[in-house]
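Q: Structure: entry_20.cif, mmCIF, N, CA and C atoms.
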data_query
#
loop_
_atom_site.label_atom_id
_atom_site.label_comp_id
_atom_site.auth_asym_id
_atom_site.auth_seq_id
_atom_site.Cartn_x
_atom_site.Cartn_y
_atom_site.Cartn_z
N MET A 1 25.25 -26.06 19.62
CA MET A 1 25.56 -25.22 18.49
C MET A 1 25.99 -23.85 18.96
N HIS A 2 27.02 -23.31 18.34
CA HIS A 2 27.47 -21.97 18.68
C HIS A 2 27.47 -21.13 17.40
N PHE A 3 26.71 -20.01 17.42
CA PHE A 3 26.58 -19.18 16.24
C PHE A 3 27.49 -17.96 16.29
N GLY A 4 27.79 -17.48 17.49
CA GLY A 4 28.66 -16.33 17.65
C GLY A 4 28.11 -15.06 17.03
N LYS A 5 29.01 -14.23 16.51
CA LYS A 5 28.63 -12.94 15.94
C LYS A 5 27.87 -13.09 14.63
N ASN A 6 28.01 -14.18 13.92
CA ASN A 6 27.41 -14.35 12.60
C ASN A 6 25.97 -14.86 12.65
N PHE A 7 25.38 -14.95 13.82
CA PHE A 7 24.01 -15.47 13.93
C PHE A 7 23.03 -14.61 13.14
N ALA A 8 23.26 -13.29 13.09
CA ALA A 8 22.36 -12.39 12.39
C ALA A 8 22.38 -12.62 10.88
N PHE A 9 23.38 -13.32 10.37
CA PHE A 9 23.50 -13.55 8.93
C PHE A 9 22.92 -14.89 8.49
N TYR A 10 22.13 -15.53 9.34
CA TYR A 10 21.53 -16.80 8.99
C TYR A 10 20.03 -16.75 9.14
N LEU A 11 19.35 -17.47 8.29
CA LEU A 11 17.90 -17.58 8.32
C LEU A 11 17.58 -19.04 8.57
N ILE A 12 16.70 -19.29 9.54
CA ILE A 12 16.34 -20.68 9.86
C ILE A 12 15.14 -21.06 9.02
N ASN A 13 15.26 -22.15 8.29
CA ASN A 13 14.19 -22.65 7.45
C ASN A 13 13.77 -24.01 7.98
N LEU A 14 12.56 -24.13 8.51
CA LEU A 14 12.09 -25.40 9.09
C LEU A 14 11.31 -26.20 8.05
N TYR A 15 11.63 -27.45 7.95
CA TYR A 15 10.87 -28.37 7.12
C TYR A 15 9.96 -29.15 8.06
N ILE A 16 8.69 -28.80 8.08
CA ILE A 16 7.76 -29.35 9.06
C ILE A 16 7.58 -30.86 8.88
N GLY A 17 7.46 -31.31 7.65
CA GLY A 17 7.22 -32.73 7.41
C GLY A 17 8.38 -33.62 7.84
N GLN A 18 9.60 -33.13 7.70
CA GLN A 18 10.77 -33.95 8.03
C GLN A 18 11.43 -33.53 9.33
N ASN A 19 10.95 -32.46 9.96
CA ASN A 19 11.50 -31.94 11.21
C ASN A 19 13.00 -31.68 11.13
N LYS A 20 13.45 -31.10 10.02
CA LYS A 20 14.86 -30.76 9.85
C LYS A 20 15.01 -29.25 9.86
N ILE A 21 16.15 -28.81 10.33
CA ILE A 21 16.46 -27.38 10.33
C ILE A 21 17.61 -27.16 9.36
N LYS A 22 17.44 -26.16 8.49
CA LYS A 22 18.48 -25.85 7.51
C LYS A 22 18.83 -24.37 7.65
N PHE A 23 20.10 -24.05 7.68
CA PHE A 23 20.56 -22.68 7.78
C PHE A 23 20.96 -22.19 6.39
N VAL A 24 20.41 -21.04 6.01
CA VAL A 24 20.68 -20.46 4.70
C VAL A 24 21.25 -19.06 4.92
N SER A 25 22.29 -18.73 4.22
CA SER A 25 22.91 -17.42 4.37
C SER A 25 21.96 -16.33 3.89
N LEU A 26 21.81 -15.28 4.70
CA LEU A 26 20.97 -14.15 4.31
C LEU A 26 21.56 -13.40 3.13
N LYS A 27 22.87 -13.52 2.94
CA LYS A 27 23.50 -12.87 1.79
C LYS A 27 22.96 -13.43 0.49
N LYS A 28 22.52 -14.69 0.50
CA LYS A 28 21.94 -15.31 -0.69
C LYS A 28 20.47 -14.94 -0.83
N ILE A 29 19.79 -14.73 0.27
CA ILE A 29 18.35 -14.48 0.26
C ILE A 29 18.02 -13.00 0.02
N LEU A 30 18.82 -12.07 0.54
CA LEU A 30 18.51 -10.65 0.48
C LEU A 30 18.30 -10.11 -0.93
N PRO A 31 19.11 -10.47 -1.93
CA PRO A 31 18.82 -9.96 -3.28
C PRO A 31 17.45 -10.40 -3.81
N ILE A 32 17.06 -11.61 -3.49
CA ILE A 32 15.76 -12.11 -3.94
C ILE A 32 14.64 -11.35 -3.23
N LEU A 33 14.76 -11.15 -1.91
CA LEU A 33 13.76 -10.40 -1.17
C LEU A 33 13.66 -8.96 -1.66
N PHE A 34 14.79 -8.36 -1.99
CA PHE A 34 14.80 -6.99 -2.50
C PHE A 34 14.03 -6.90 -3.81
N ILE A 35 14.21 -7.84 -4.71
CA ILE A 35 13.50 -7.83 -6.00
C ILE A 35 12.01 -8.01 -5.78
N ILE A 36 11.63 -8.91 -4.91
CA ILE A 36 10.20 -9.15 -4.64
C ILE A 36 9.55 -7.91 -4.04
N LEU A 37 10.19 -7.31 -3.03
CA LEU A 37 9.63 -6.13 -2.39
C LEU A 37 9.60 -4.93 -3.33
N SER A 38 10.63 -4.78 -4.16
CA SER A 38 10.65 -3.67 -5.11
C SER A 38 9.51 -3.80 -6.12
N ALA A 39 9.26 -5.01 -6.58
CA ALA A 39 8.17 -5.22 -7.55
C ALA A 39 6.82 -4.95 -6.92
N SER A 40 6.66 -5.27 -5.64
CA SER A 40 5.35 -5.06 -5.01
C SER A 40 5.08 -3.58 -4.74
N PHE A 41 6.12 -2.75 -4.62
CA PHE A 41 5.93 -1.33 -4.36
C PHE A 41 5.75 -0.51 -5.63
N CYS A 42 5.98 -1.09 -6.78
CA CYS A 42 5.85 -0.36 -8.04
C CYS A 42 4.42 -0.42 -8.53
N SER A 43 3.57 0.37 -7.91
CA SER A 43 2.16 0.43 -8.28
C SER A 43 1.95 1.50 -9.33
N GLU A 44 1.08 1.26 -10.26
CA GLU A 44 0.79 2.22 -11.30
C GLU A 44 -0.34 3.17 -10.91
N GLY A 45 -0.91 3.01 -9.73
CA GLY A 45 -1.93 3.92 -9.28
C GLY A 45 -3.31 3.63 -9.84
N GLN A 46 -3.56 2.41 -10.25
CA GLN A 46 -4.87 2.06 -10.76
C GLN A 46 -5.60 1.23 -9.73
N SER A 47 -6.90 1.32 -9.76
CA SER A 47 -7.70 0.64 -8.76
C SER A 47 -8.05 -0.77 -9.20
N ARG A 48 -8.63 -1.50 -8.28
CA ARG A 48 -8.99 -2.89 -8.55
C ARG A 48 -10.43 -3.04 -9.02
N SER A 49 -11.33 -2.22 -8.49
CA SER A 49 -12.72 -2.33 -8.87
C SER A 49 -13.39 -0.98 -8.73
N SER A 50 -14.48 -0.80 -9.45
CA SER A 50 -15.14 0.49 -9.40
C SER A 50 -16.57 0.38 -9.88
N SER A 51 -17.43 1.25 -9.32
CA SER A 51 -18.79 1.35 -9.82
C SER A 51 -19.15 2.80 -10.10
N ILE A 52 -18.12 3.66 -10.26
CA ILE A 52 -18.35 5.06 -10.58
C ILE A 52 -18.74 5.14 -12.05
N PRO A 53 -19.76 5.94 -12.40
CA PRO A 53 -20.11 6.09 -13.79
C PRO A 53 -18.95 6.66 -14.59
N GLY A 54 -18.88 6.36 -15.86
CA GLY A 54 -17.80 6.85 -16.71
C GLY A 54 -16.71 5.81 -16.82
N ASP A 55 -15.45 6.27 -16.76
CA ASP A 55 -14.36 5.32 -16.95
C ASP A 55 -14.08 4.49 -15.71
N GLY A 56 -14.51 4.93 -14.53
CA GLY A 56 -14.46 4.09 -13.34
C GLY A 56 -13.12 3.94 -12.68
N ILE A 57 -12.16 4.80 -12.99
CA ILE A 57 -10.84 4.67 -12.37
C ILE A 57 -10.49 5.96 -11.65
N VAL A 58 -10.17 5.84 -10.38
CA VAL A 58 -9.66 6.98 -9.62
C VAL A 58 -8.17 7.04 -9.91
N ARG A 59 -7.70 8.16 -10.40
CA ARG A 59 -6.27 8.35 -10.65
C ARG A 59 -5.66 9.03 -9.44
N PHE A 60 -4.47 8.60 -9.06
CA PHE A 60 -3.76 9.29 -7.99
C PHE A 60 -2.30 9.38 -8.36
N TYR A 61 -1.68 10.48 -7.97
CA TYR A 61 -0.30 10.75 -8.35
C TYR A 61 0.28 11.76 -7.37
N PRO A 62 1.59 11.81 -7.20
CA PRO A 62 2.58 10.86 -7.70
C PRO A 62 2.60 9.60 -6.85
N ASN A 63 3.10 8.56 -7.39
CA ASN A 63 3.24 7.31 -6.65
C ASN A 63 4.58 6.69 -7.01
N PRO A 64 5.53 6.65 -6.11
CA PRO A 64 5.46 6.98 -4.69
C PRO A 64 5.39 8.49 -4.46
N ALA A 65 4.79 8.85 -3.34
CA ALA A 65 4.59 10.25 -2.97
C ALA A 65 5.53 10.62 -1.83
N ILE A 66 5.83 11.92 -1.73
CA ILE A 66 6.73 12.39 -0.67
C ILE A 66 5.99 13.33 0.29
N SER A 67 5.43 14.42 -0.23
CA SER A 67 4.80 15.41 0.64
C SER A 67 3.29 15.48 0.49
N SER A 68 2.77 15.10 -0.68
CA SER A 68 1.32 15.10 -0.89
C SER A 68 0.97 14.14 -2.02
N ILE A 69 -0.28 13.71 -2.06
CA ILE A 69 -0.78 12.86 -3.12
C ILE A 69 -2.13 13.40 -3.56
N THR A 70 -2.38 13.38 -4.85
CA THR A 70 -3.62 13.93 -5.40
C THR A 70 -4.48 12.81 -5.96
N PHE A 71 -5.76 12.83 -5.61
CA PHE A 71 -6.74 11.88 -6.12
C PHE A 71 -7.66 12.62 -7.08
N ASP A 72 -7.76 12.11 -8.31
CA ASP A 72 -8.66 12.68 -9.31
C ASP A 72 -9.80 11.71 -9.55
N LEU A 73 -11.03 12.20 -9.33
CA LEU A 73 -12.22 11.40 -9.59
C LEU A 73 -12.72 11.72 -11.00
N PRO A 74 -13.30 10.74 -11.68
CA PRO A 74 -13.77 10.97 -13.06
C PRO A 74 -15.02 11.86 -13.10
N LYS A 75 -15.33 12.33 -14.29
CA LYS A 75 -16.55 13.11 -14.48
C LYS A 75 -17.75 12.24 -14.15
N GLY A 76 -18.78 12.85 -13.60
CA GLY A 76 -20.00 12.11 -13.28
C GLY A 76 -19.96 11.43 -11.93
N TYR A 77 -18.99 11.75 -11.10
CA TYR A 77 -18.91 11.12 -9.78
C TYR A 77 -19.97 11.72 -8.87
N GLU A 78 -20.33 11.01 -7.85
CA GLU A 78 -21.28 11.52 -6.86
C GLU A 78 -20.51 12.36 -5.83
N LYS A 79 -21.05 13.49 -5.47
CA LYS A 79 -20.33 14.39 -4.57
C LYS A 79 -20.33 13.95 -3.12
N ASN A 80 -21.05 12.90 -2.80
CA ASN A 80 -21.10 12.47 -1.41
C ASN A 80 -20.22 11.25 -1.15
N TYR A 81 -19.16 11.08 -1.93
CA TYR A 81 -18.19 10.02 -1.66
C TYR A 81 -17.27 10.44 -0.52
N SER A 82 -16.78 9.45 0.21
CA SER A 82 -15.78 9.72 1.24
C SER A 82 -14.51 8.96 0.88
N LEU A 83 -13.37 9.49 1.29
CA LEU A 83 -12.07 8.89 1.02
C LEU A 83 -11.43 8.56 2.35
N GLU A 84 -11.02 7.31 2.51
CA GLU A 84 -10.33 6.87 3.72
C GLU A 84 -8.97 6.32 3.33
N VAL A 85 -7.97 6.60 4.15
CA VAL A 85 -6.62 6.08 3.94
C VAL A 85 -6.21 5.33 5.19
N PHE A 86 -5.70 4.11 4.99
CA PHE A 86 -5.28 3.24 6.08
C PHE A 86 -3.80 2.92 5.94
N SER A 87 -3.12 2.79 7.08
CA SER A 87 -1.74 2.32 7.06
C SER A 87 -1.75 0.85 6.69
N PHE A 88 -0.58 0.32 6.40
CA PHE A 88 -0.49 -1.09 6.02
C PHE A 88 -0.91 -2.01 7.17
N LEU A 89 -0.89 -1.49 8.39
CA LEU A 89 -1.31 -2.27 9.55
C LEU A 89 -2.80 -2.17 9.82
N GLY A 90 -3.52 -1.38 9.00
CA GLY A 90 -4.96 -1.29 9.12
C GLY A 90 -5.48 -0.13 9.95
N ARG A 91 -4.62 0.76 10.39
CA ARG A 91 -5.04 1.91 11.19
C ARG A 91 -5.47 3.04 10.27
N LYS A 92 -6.65 3.62 10.50
CA LYS A 92 -7.12 4.74 9.67
C LYS A 92 -6.30 5.97 10.00
N VAL A 93 -5.67 6.54 8.97
CA VAL A 93 -4.80 7.71 9.17
C VAL A 93 -5.36 8.97 8.51
N TYR A 94 -6.40 8.83 7.68
CA TYR A 94 -6.98 9.99 7.02
C TYR A 94 -8.41 9.67 6.61
N GLU A 95 -9.29 10.68 6.70
CA GLU A 95 -10.66 10.53 6.22
C GLU A 95 -11.17 11.87 5.75
N ALA A 96 -11.79 11.88 4.57
CA ALA A 96 -12.42 13.08 4.03
C ALA A 96 -13.81 12.72 3.57
N ILE A 97 -14.78 13.52 3.98
CA ILE A 97 -16.18 13.28 3.60
C ILE A 97 -16.55 14.29 2.53
N ASN A 98 -17.38 13.88 1.57
CA ASN A 98 -17.79 14.73 0.44
C ASN A 98 -16.57 15.27 -0.31
N VAL A 99 -15.74 14.35 -0.81
CA VAL A 99 -14.49 14.74 -1.47
C VAL A 99 -14.77 15.47 -2.78
N ASN A 100 -13.86 16.36 -3.12
CA ASN A 100 -13.90 17.09 -4.38
C ASN A 100 -13.37 16.20 -5.51
N PRO A 101 -13.64 16.55 -6.77
CA PRO A 101 -13.11 15.73 -7.87
C PRO A 101 -11.60 15.77 -7.96
N HIS A 102 -10.98 16.78 -7.37
CA HIS A 102 -9.53 16.91 -7.36
C HIS A 102 -9.12 17.12 -5.90
N THR A 103 -8.80 16.03 -5.20
CA THR A 103 -8.50 16.08 -3.76
C THR A 103 -7.02 15.82 -3.52
N THR A 104 -6.38 16.70 -2.77
CA THR A 104 -4.97 16.53 -2.43
C THR A 104 -4.86 16.24 -0.93
N VAL A 105 -4.10 15.20 -0.60
CA VAL A 105 -3.90 14.78 0.79
C VAL A 105 -2.48 15.16 1.20
N ASP A 106 -2.35 15.90 2.30
CA ASP A 106 -1.06 16.29 2.85
C ASP A 106 -0.46 15.09 3.59
N LEU A 107 0.78 14.74 3.26
CA LEU A 107 1.42 13.55 3.82
C LEU A 107 2.49 13.87 4.86
N THR A 108 2.50 15.08 5.39
CA THR A 108 3.57 15.44 6.34
C THR A 108 3.52 14.60 7.61
N ASP A 109 2.35 14.15 8.04
CA ASP A 109 2.25 13.34 9.25
C ASP A 109 2.32 11.84 8.96
N PHE A 110 2.48 11.46 7.70
CA PHE A 110 2.56 10.05 7.32
C PHE A 110 4.02 9.61 7.40
N ILE A 111 4.24 8.39 7.85
CA ILE A 111 5.59 7.84 7.84
C ILE A 111 5.79 7.06 6.54
N ARG A 112 7.00 6.72 6.25
CA ARG A 112 7.33 5.98 5.04
C ARG A 112 6.64 4.61 5.08
N GLY A 113 6.05 4.20 3.96
CA GLY A 113 5.41 2.90 3.89
C GLY A 113 4.33 2.82 2.84
N VAL A 114 3.59 1.74 2.86
CA VAL A 114 2.50 1.49 1.91
C VAL A 114 1.18 1.81 2.60
N TYR A 115 0.31 2.50 1.89
CA TYR A 115 -1.00 2.89 2.41
C TYR A 115 -2.09 2.41 1.46
N ILE A 116 -3.25 2.18 2.01
CA ILE A 116 -4.39 1.70 1.24
C ILE A 116 -5.49 2.75 1.30
N TYR A 117 -6.02 3.12 0.13
CA TYR A 117 -7.13 4.07 0.12
C TYR A 117 -8.42 3.33 -0.21
N GLN A 118 -9.53 3.85 0.30
CA GLN A 118 -10.85 3.31 0.00
C GLN A 118 -11.78 4.48 -0.30
N LEU A 119 -12.47 4.38 -1.42
CA LEU A 119 -13.49 5.35 -1.77
C LEU A 119 -14.83 4.72 -1.46
N ARG A 120 -15.65 5.42 -0.66
CA ARG A 120 -16.93 4.87 -0.21
C ARG A 120 -18.07 5.79 -0.63
N ASP A 121 -19.23 5.17 -0.90
CA ASP A 121 -20.41 5.97 -1.24
C ASP A 121 -21.12 6.42 0.04
N LYS A 122 -22.25 7.12 -0.11
CA LYS A 122 -22.92 7.70 1.06
C LYS A 122 -23.45 6.65 2.03
N SER A 123 -23.70 5.41 1.55
CA SER A 123 -24.17 4.35 2.44
C SER A 123 -23.02 3.62 3.14
N GLY A 124 -21.77 3.98 2.80
CA GLY A 124 -20.61 3.35 3.41
C GLY A 124 -20.06 2.17 2.63
N LYS A 125 -20.69 1.83 1.51
CA LYS A 125 -20.22 0.72 0.67
C LYS A 125 -18.95 1.14 -0.07
N MET A 126 -17.93 0.24 -0.04
CA MET A 126 -16.68 0.53 -0.70
C MET A 126 -16.88 0.46 -2.21
N VAL A 127 -16.55 1.55 -2.88
CA VAL A 127 -16.70 1.65 -4.32
C VAL A 127 -15.40 1.27 -5.01
N GLU A 128 -14.29 1.68 -4.42
CA GLU A 128 -12.99 1.42 -5.03
C GLU A 128 -11.91 1.40 -3.96
N SER A 129 -10.86 0.63 -4.22
CA SER A 129 -9.75 0.52 -3.29
C SER A 129 -8.46 0.39 -4.07
N GLY A 130 -7.38 0.85 -3.50
CA GLY A 130 -6.06 0.75 -4.12
C GLY A 130 -4.98 1.02 -3.11
N LYS A 131 -3.73 1.04 -3.57
CA LYS A 131 -2.62 1.29 -2.64
C LYS A 131 -1.66 2.28 -3.25
N PHE A 132 -0.94 2.97 -2.37
CA PHE A 132 0.10 3.89 -2.80
C PHE A 132 1.23 3.85 -1.78
N GLN A 133 2.38 4.38 -2.18
CA GLN A 133 3.55 4.34 -1.33
C GLN A 133 3.98 5.76 -0.95
N VAL A 134 4.36 5.92 0.30
CA VAL A 134 4.95 7.18 0.78
C VAL A 134 6.42 6.92 1.02
N SER A 135 7.27 7.70 0.35
CA SER A 135 8.72 7.55 0.54
C SER A 135 9.30 8.91 0.89
N LYS A 136 9.87 8.99 2.08
CA LYS A 136 10.46 10.26 2.55
C LYS A 136 11.93 10.09 2.73
#
What would the structure in this file look like if it were written as structure tokens?
A:
Amino acid sequence: MHFGKNFAFYLINLYIGQNKIKFVSLKKILPILFIILSASFCSEGQSRSSSIPGDGIVRFYPNPAISSITFDLPKGYEKNYSLEVFSFLGRKVYEAINVNPHTTVDLTDFIRGVYIYQLRDKSGKMVESGKFQVSK
């Protein structure tokens, strides 16, 4: 088989059960991948779970963020919560202990991508988690 210059425009799809190889044009696949990825990055900034007294939702904005992101904790929160931010690859890129109810994180050292935040109580138990996007 000779692919030449157009090899980059093909995606190999293996059918394991039948051991067949099928070539599909990336021009057909890219619009579908774009829609799927765009939908996954459109987060509303709401968390998945919470045990904070009150309404139980940490608000953060703007999302997507460019230079900074603000986390607002509800009334009645415990002052000894910590906030951790991880890159999509799982590397911790930010940590704040005893966060304020209105905490702003500077994103100048963050690269473009999706990040995951975790709010933890004083014993280290995760209270809430969510994701946000940095777009520069």
Q: At what distance in Å, to one decimal, does atom N of Thr70 (chain A) lie from atom N of Arg112 (chain A)?
A: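 Going from atom N of Arg112 (chain A) over to atom N of Thr70 (chain A), I get 16.0 Å.
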Q: Which residues come within 8 Å of region 93-105 of chain A, counting only N, CA and C atoms, excluding same-chain residues fewer than 3 positions away, as JSON, numbers by chain?
A: {"A": [67, 68, 69, 70, 71, 72, 73, 74, 75, 77, 78, 79, 80, 81, 82, 83, 84, 85, 86, 87, 90, 108, 110]}
Q: To test your reading of the syntax: which residues would the PyMOL selection byres ((chain A and resi 135) around 6.5) return for the file shown? Reply as a PyMOL selection string.
A: chain A and resi 64-66+111-113+133-134+136
Q: Between CA of Pro62 (chain A) and atom C of Lys131 (chain A), measure the distance and give it in Å to one decimal.
A: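 Atom C of Lys131 (chain A) lies at a distance of 10.6 Å from CA of Pro62 (chain A).
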Q: Record the distance separating CA of Met126 (chain A) and CA of Asp106 (chain A), expressed in Å with one decimal.
A: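 Rounded to one decimal, the two atoms are 22.5 Å apart.
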